[in-house]
Amino acid sequence: MEHAKLGASNSKIWMNCHAYARMTDGVSSGTNPAAELGTAAHELGEFCLRFGLNTYDCLGMSFNDHTVDQVMADAVQIYVGHIRELCAKYSVSPLLEQRVCIVSIGSGVFGTSDCIVIVGDWVFVIDYKNGYEVVEVEGNTQAAFYAVAVLDTLNLWQTVKYVSSTIIQPRANHKDGPIRTSVQTIEQMRDWHARIAYAINANHNPNSQATAGEHCKYCPSRGFCRARMQRTVDLANFDKPVDKLTAEEVSAVYQEISAMKKNLEALESHALDVARAGGKIEGCKLVKAITRAKCEDQESFIAEAVQAGVAKAELLEPKLKSMTALKKVVSKDIVNKHFKKPPASTTLAPFNDNRAAVSTSAAGVFDSIK
């Protein structure tokens, strides 16, 4: 699925940091297992709504290389049921996975809305979230982006009076439950349109300054952003004992702990890339990483080991033991069949680590040929 540089999904970042477009130019945001699972859940929901099925009818089916299990079916059915109830109430059909664009700002300002329902002078914009991290509907930039884009794409600014934005998040533990709705007037939508337009124009300004904050958590440039690093240092570099901090100071730091961790993890990864490219990281050297073999199918391995005469209790502690420990109680052939080591890699380690340094080039290794 095509994603806009300044689109709905990353709107929280670029609406708060106007250097986002410049800072992430040429930087891939990539994907992760949680995102891929979320895509599978969205595909399941769309499939059921289009073909009149319940998610439980799809148990065992595959979407985005993920098999539908009871957990996924339970979660997505809440989304499917909510939309069906809404459409039945008003005798309308939903628009599913609809690409919408804020054409009044630019052709590249677009996103894909999970579900849109239009009833008289109301527009319902429904967004499914599969993650565990709570997403608030009030003040949600992504929900506002979709709503403005729907009004623009379908030319509804003169006919709609109210916009209802709903987030359905079954797997998050929110005090208001899995379905949360915020209603805004068309005047409030015009304000959002102005805010979005301002942020997009600012992102097109090459002199816009980076602004760090909690929104940095998922920014692709968080590992090499000077503003983010400076804010992390400022928040963590106390000039007095932690137990002497005021409640306000503790609160300020706590709000950004997650973003700070992500920033430092990304910085660690960026430092490793620098070293692998031949750069120098003061006080560190590039060494061979310690890799651990992983059992690809624990149930199959345990069944085969038990069949070979090994007690199940000897395999667990309480999780499955390491490859080395298992070779003491199970034949090496069975262990090697089920355990695979990841490819060799490198990592950074302090100079006092006993592993040998790995050279990234032949420079300085051989004497020059005379």
# chains A, B, ... in the order shown; residues from 1 in each chain; ligands from 1
$ select_by_dssp --residues "stretch 165-244 of chain A" --states "strand (DSSP E)" --output "list of chain:residue names"
A:Ser165, A:Thr166, A:Ile167, A:Ile168, A:Ile179, A:Arg180, A:Thr181, A:Ser182, A:Val183, A:Gln184, A:Thr185
$ write_last_selection --atoms "C-alpha atoms" --output "mmCIF file, in the first residue's frame"
data_model
loop_
_atom_site.group_PDB
_atom_site.id
_atom_site.type_symbol
_atom_site.label_atom_id
_atom_site.label_comp_id
_atom_site.auth_asym_id
_atom_site.auth_seq_id
_atom_site.Cartn_x
_atom_site.Cartn_y
_atom_site.Cartn_z
ATOM 1 C CA SER A 165 -14.480 9.929 14.549
ATOM 2 C CA THR A 166 -14.321 6.488 16.149
ATOM 3 C CA ILE A 167 -11.310 4.428 17.165
ATOM 4 C CA ILE A 168 -11.906 0.720 17.738
ATOM 5 C CA ILE A 179 -14.850 1.722 21.101
ATOM 6 C CA ARG A 180 -14.249 5.447 21.604
ATOM 7 C CA THR A 181 -15.863 8.293 19.672
ATOM 8 C CA SER A 182 -15.338 12.033 19.353
ATOM 9 C CA VAL A 183 -17.849 14.287 17.590
ATOM 10 C CA GLN A 184 -16.777 17.599 16.042
ATOM 11 C CA THR A 185 -18.582 20.301 14.118
#
$ residues_around --residues "stretch 151-162 of chain A" --least-positions-apart "4" --cutoff "6 Å" --atoms "only C-alpha atoms" --output "JSON, numbers by chain"
{"A": [100, 101, 102, 121, 122, 184, 185, 186]}
$ closest_residue --among "A:Gly7, A:Gly52, A:Gly106, A:Gly120" --to "A:Ala21" --atoms "only C-alpha atoms"
A:Gly7
$ select_by_dssp --residues "stretch 94-269 of chain A" --states "helix (DSSP H, G or I)" --output "VMD selection string"
chain A and resid 141 to 153 186 to 203 214 to 218 226 to 236 242 to 244 247 to 254 257 to 269
$ residues_around --residues "A:Asn54" --least-positions-apart "3" --cutoff "8 Å" --atoms "only C-alpha atoms" --output "MDAnalysis selection string"
chainID A and resid 48 57:58 77 80
$ write_last_selection --atoms "C-alpha atoms" --output "PDB file, in the first residue's frame"
ATOM      1  CA  CYS A  48     -15.715 -10.072   6.345  1.00  0.00           C
ATOM      2  CA  ASP A  57     -16.023 -18.077   9.764  1.00  0.00           C
ATOM      3  CA  CYS A  58     -12.417 -17.290   8.811  1.00  0.00           C
ATOM      4  CA  GLN A  77     -15.286  -9.028  15.195  1.00  0.00           C
ATOM      5  CA  VAL A  80     -17.003  -5.711  12.045  1.00  0.00           C
TER       6      VAL A  80
END
$ atom_distance --atom1 "atom CA of A:Glu317" --atom2 "atom CA of A:Ile302"
13.2 Å
